[in-house]
Structures are given as C-alpha cells and as structure tokens.
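Undergrad: protein.json is the file, holding JSON, C-alpha atoms:
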[["chain", "number", "residue", "atom", "x", "y", "z"],
["A", 14, "MET", "CA", 3.36, 0.25, -11.84],
["A", 15, "TRP", "CA", 6.45, -1.87, -11.13],
["A", 16, "MET", "CA", 8.88, 0.01, -13.37],
["A", 17, "TYR", "CA", 10.32, 3.53, -13.20],
["A", 18, "ALA", "CA", 9.04, 6.05, -15.73],
["A", 19, "GLN", "CA", 11.62, 6.98, -18.34],
["A", 20, "ASP", "CA", 11.61, 10.61, -17.16],
["A", 21, "SER", "CA", 12.00, 9.76, -13.44],
["A", 22, "GLY", "CA", 15.78, 10.08, -13.44],
["A", 23, "HIS", "CA", 16.30, 6.42, -12.58],
["A", 24, "THR", "CA", 19.38, 4.65, -13.87],
["A", 25, "TYR", "CA", 19.45, 0.85, -13.75],
["A", 26, "GLY", "CA", 21.73, -0.34, -10.96],
["A", 27, "GLN", "CA", 21.66, 3.02, -9.20],
["A", 28, "SER", "CA", 21.50, 2.68, -5.42],
["A", 29, "MET", "CA", 19.01, 4.93, -3.69],
["A", 30, "VAL", "CA", 19.50, 3.42, -0.23],
["A", 31, "GLY", "CA", 19.58, 6.27, 2.26],
["A", 32, "PHE", "CA", 17.86, 8.77, -0.06],
["A", 33, "THR", "CA", 15.10, 10.87, 1.53],
["A", 34, "VAL", "CA", 11.61, 10.13, 0.17],
["A", 35, "GLU", "CA", 9.40, 13.18, -0.33],
["A", 36, "THR", "CA", 5.77, 13.74, -1.23],
["A", 37, "ALA", "CA", 4.22, 17.07, -2.21],
["A", 38, "ASP", "CA", 3.23, 17.49, 1.45],
["A", 39, "GLY", "CA", 6.49, 16.51, 3.16],
["A", 40, "SER", "CA", 9.12, 13.89, 3.80],
["A", 41, "ILE", "CA", 8.02, 10.37, 4.74],
["A", 42, "GLY", "CA", 11.37, 8.75, 5.53],
["A", 43, "HIS", "CA", 14.30, 7.22, 3.70],
["A", 44, "VAL", "CA", 14.93, 4.35, 1.31],
["A", 45, "ASP", "CA", 15.91, 1.33, 3.37],
["A", 46, "ARG", "CA", 15.99, -1.23, 0.54],
["A", 47, "GLN", "CA", 15.20, -1.37, -3.13],
["A", 48, "GLN", "CA", 14.42, -4.00, -5.74],
["A", 49, "ASP", "CA", 15.68, -3.30, -9.24],
["A", 50, "GLN", "CA", 14.52, -6.46, -10.99],
["A", 51, "PRO", "CA", 12.67, -5.33, -14.15],
["A", 52, "GLY", "CA", 8.92, -5.65, -13.71],
["A", 53, "MET", "CA", 9.27, -5.81, -9.90],
["A", 54, "GLN", "CA", 11.01, -2.51, -9.12],
["A", 55, "HIS", "CA", 10.06, -0.96, -5.81],
["A", 56, "LEU", "CA", 11.37, 0.83, -2.74],
["A", 57, "VAL", "CA", 11.03, -0.17, 0.89],
["A", 58, "VAL", "CA", 10.88, 3.08, 2.83],
["A", 59, "ASP", "CA", 11.65, 3.30, 6.55],
["A", 60, "THR", "CA", 9.17, 5.85, 7.83],
["A", 61, "GLY", "CA", 10.85, 6.21, 11.24],
["A", 62, "VAL", "CA", 8.60, 7.87, 13.79],
["A", 63, "TRP", "CA", 6.20, 9.17, 11.10],
["A", 64, "LYS", "CA", 4.35, 5.85, 11.01],
["A", 65, "PHE", "CA", 5.45, 4.35, 14.32],
["A", 66, "GLY", "CA", 8.67, 2.96, 12.89],
["A", 67, "ARG", "CA", 7.01, 0.96, 10.13],
["A", 68, "SER", "CA", 8.18, 0.48, 6.59],
["A", 69, "VAL", "CA", 6.11, 0.97, 3.45],
["A", 70, "LEU", "CA", 6.52, -0.55, 0.01],
["A", 71, "ILE", "CA", 6.28, 1.94, -2.84],
["A", 72, "PRO", "CA", 6.18, 0.68, -6.43],
["A", 73, "ALA", "CA", 8.64, 2.31, -8.83],
["A", 74, "GLY", "CA", 5.75, 3.68, -10.88],
["A", 75, "ALA", "CA", 4.89, 6.06, -8.02],
["A", 76, "VAL", "CA", 8.33, 7.71, -8.28],
["A", 77, "ILE", "CA", 8.20, 10.97, -10.23],
["A", 78, "ALA", "CA", 11.76, 12.27, -9.76],
["A", 79, "ILE", "CA", 15.13, 11.14, -8.46],
["A", 80, "ASP", "CA", 17.76, 13.74, -7.57],
["A", 81, "THR", "CA", 21.09, 12.00, -7.00],
["A", 82, "ARG", "CA", 22.85, 15.21, -5.95],
["A", 83, "ALA", "CA", 20.27, 16.05, -3.27],
["A", 84, "GLN", "CA", 19.77, 12.32, -2.56],
["A", 85, "THR", "CA", 15.99, 12.60, -2.75],
["A", 86, "VAL", "CA", 13.24, 10.53, -4.32],
["A", 87, "LYS", "CA", 9.96, 12.32, -5.02],
["A", 88, "VAL", "CA", 6.78, 10.27, -5.18],
["A", 89, "ALA", "CA", 3.35, 11.22, -6.53],
["A", 90, "PRO", "CA", 1.10, 9.95, -3.69],
["A", 91, "SER", "CA", 0.52, 12.15, -0.65],
["A", 92, "ARG", "CA", 1.54, 11.19, 2.87],
["A", 93, "GLU", "CA", -2.06, 10.20, 3.68],
["A", 94, "GLU", "CA", -2.33, 8.06, 0.54],
["A", 95, "ILE", "CA", 0.89, 6.24, 1.45],
["A", 96, "LYS", "CA", -0.34, 5.74, 5.02],
["A", 97, "ALA", "CA", -3.51, 4.13, 3.60],
["A", 98, "ALA", "CA", -1.59, 1.71, 1.34],
["A", 99, "PRO", "CA", -1.64, -2.04, 2.06],
["A", 100, "ARG", "CA", 0.53, -2.63, 5.12],
["A", 101, "PHE", "CA", 4.07, -3.94, 4.59],
["A", 102, "THR", "CA", 5.33, -6.22, 7.33],
["A", 103, "THR", "CA", 8.02, -8.58, 6.00],
["A", 104, "ASP", "CA", 10.34, -8.89, 3.02],
["A", 105, "SER", "CA", 8.70, -12.20, 2.11],
["A", 106, "GLU", "CA", 5.66, -10.17, 0.99],
["A", 107, "THR", "CA", 7.69, -8.74, -1.89],
["A", 108, "GLY", "CA", 7.51, -12.20, -3.47],
["A", 109, "ALA", "CA", 3.85, -12.86, -2.66],
["A", 110, "PRO", "CA", 1.74, -12.33, -5.79],
["A", 111, "GLU", "CA", -1.45, -11.52, -3.84],
["A", 112, "TYR", "CA", 0.30, -8.83, -1.79],
["A", 113, "LEU", "CA", 1.96, -7.28, -4.85],
["A", 114, "LEU", "CA", -1.36, -7.32, -6.70],
["A", 115, "ALA", "CA", -3.04, -5.50, -3.79],
["A", 116, "VAL", "CA", -0.26, -2.90, -3.63],
["A", 117, "GLY", "CA", -0.22, -2.40, -7.40],
["A", 118, "ASP", "CA", -4.01, -2.09, -7.57],
["A", 119, "TYR", "CA", -4.00, 0.44, -4.72],
["A", 120, "TYR", "CA", -1.40, 2.72, -6.31],
["A", 121, "LEU", "CA", -3.05, 2.40, -9.74],
["A", 122, "SER", "CA", -6.37, 3.45, -8.19],
["A", 123, "LEU", "CA", -4.73, 6.69, -7.02],
["A", 124, "ARG", "CA", -3.97, 7.61, -10.64],
["A", 125, "THR", "CA", -7.61, 7.29, -11.62],
["A", 126, "ALA", "CA", -9.15, 8.77, -8.46],
["A", 127, "PRO", "CA", -11.27, 11.87, -8.99],
["A", 128, "LEU", "CA", -9.63, 15.17, -8.09],
["A", 129, "ARG", "CA", -10.47, 16.43, -4.62]]
Please lay out the structure from this file as structure tokens.
TA:
Amino acid sequence: MWMYAQDSGHTYGQSMVGFTVETADGSIGHVDRQQDQPGMQHLVVDTGVWKFGRSVLIPAGAVIAIDTRAQTVKVAPSREEIKAAPRFTTDSETGAPEYLLAVGDYYLSLRTAPLR
C-alpha cells in the first residue's frame, strides 16, 4: 500500500507537488506534500473547500496513474471513500505507526470491498 505500482507512471524523485488529484467522480484537490521514502510513499492532498480546507493522506498504492504533462494524479478510491478515510491532522502522524496502520488498513479494505 505504501509504494507506487510499477504501471502508475511514478518515477523516483519526481515531484508531484501542485498536481491535481482526481478520482473517477471528480477532482479532490492538489498535492501539497509527498513522501518518497521507499515503503512509506504517500501524498498529502490539500482538499481546499471540498473538505473544509482539510488535508488527506493518500498512500501511494491508491495511485493508479500519473500524467506529468497534464500534472494530474489519478487515484482509485472515490471522493466519498477518501472523505471516510482516517482523518489527517498533522505531519507528525506520518511517522506514527498506529496512524499509518489505520490508514493502510482502510485503503486495503477498499480493494477487497464487495462491488456496489
């Protein structure tokens, strides 16, 4: 969950800060920060007014495509699924094993959820 898929278009060291983050049902904001440490790769997405100015942490494994020309990152979860993810409040959480475990477990559960 914490690494980009080989077919995602990710290149190690590539900055995605400022890229628009899109789901199948619309844009959710832009990449504010990213962590590229192997095994801990994730994006912190500024959702702007969509989620009352909050940020969300999205593990790299949720990224399905990166388009550097269009400066977009496409993610598999829907807007509602991302809204329901464990709340991100501070950067210190990105080093807290219990928070990362909760986030990872949540996004992994989406992969195995029954189709609606």
Undergrad: Would you please work out which residue, of A:Leu70, A:Val86, A:Val76, A:Met14, is nearest to A:Gly31 when using only C-alpha atoms?
TA: A:Val86
Undergrad: Would you work out the distance separating atom CA of A:Ala115 from atom CA of A:Pro99, expressed in Å to one decimal?
TA: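 Atom CA of A:Pro99 lies 6.9 Å from atom CA of A:Ala115.
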Undergrad: Could you jot down the atom CA of A:Arg124 to atom CA of A:Ile95 separation for me, Å, one decimal place?
TA: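 So the two atoms, atom CA of A:Arg124 and atom CA of A:Ile95, lie 13.1 Å apart.
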Undergrad: Taking into account all atoms listed in the file, which residue in the set A:Pro90, A:Gly22, A:Gly108, A:Gly117 is nearest to A:Gln48?
TA: A:Gly108
Undergrad: Using Å and a single decimal, report how far atom CA of A:Val57 sits from atom CA of A:Thr85.
TA: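 Spanning atom CA of A:Thr85 to atom CA of A:Val57 is a straight-line distance of 14.2 Å.
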Undergrad: Need the shell around A:Ser28: protein/DNA/RNA residues with any atom at most 10 Å away, counting all atoms listed in the file. Skip same-chain ones fewer than 2 positions apart. Format as a PyMOL selection string?
TA: chain A and resi 23-26+30-32+44+46-49+81
Undergrad: Please save C-alpha atoms of the selected residues as a compact mmCIF listing (two decimals), in the frame of the given file.
TA:
# COMPACT_ATOMS: atom_id res chain seq x y z
CA HIS A 23 16.30 6.42 -12.58
CA THR A 24 19.38 4.65 -13.87
CA TYR A 25 19.45 0.85 -13.75
CA GLY A 26 21.73 -0.34 -10.96
CA VAL A 30 19.50 3.42 -0.23
CA GLY A 31 19.58 6.27 2.26
CA PHE A 32 17.86 8.77 -0.06
CA VAL A 44 14.93 4.35 1.31
CA ARG A 46 15.99 -1.23 0.54
CA GLN A 47 15.20 -1.37 -3.13
CA GLN A 48 14.42 -4.00 -5.74
CA ASP A 49 15.68 -3.30 -9.24
CA THR A 81 21.09 12.00 -7.00
Undergrad: Measuring atom to atom with all atoms listed in the file, identify which of A:Gln19, A:Ser91, A:Gln27, A:Thr102 is nearest to A:Arg67.
TA: A:Thr102
Undergrad: A:Thr33, A:Gly74, A:Asp20, A:Tyr119: which is nearest A:Gly61, counting only C-alpha atoms?
TA: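 Closest residue, counting only C-alpha atoms: A:Thr33.
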Undergrad: Quick one: of A:His43, A:His55, A:Lys87, A:Arg100, who's nearest to A:Pro72, counting all atoms listed in the file?
TA: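 Comparing A:His43, A:His55, A:Lys87, A:Arg100 against A:Pro72, the winner is A:His55.
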Undergrad: Skipping near chain neighbours, those fewer than 3 positions away, what residues fall within 9 Å of A:Gly39 using only C-alpha atoms, listed as a list in words?
TA: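 Selected residues are Val34, Glu35, Thr36, Ser91 and Arg92 of chain A.
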Undergrad: For A:Thr60, which of A:Ile41, A:Ala78, A:Leu114, A:Ala83 is the closest residue, counting all atoms listed in the file?
TA: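 Smallest distance to A:Thr60 is found for A:Ile41.
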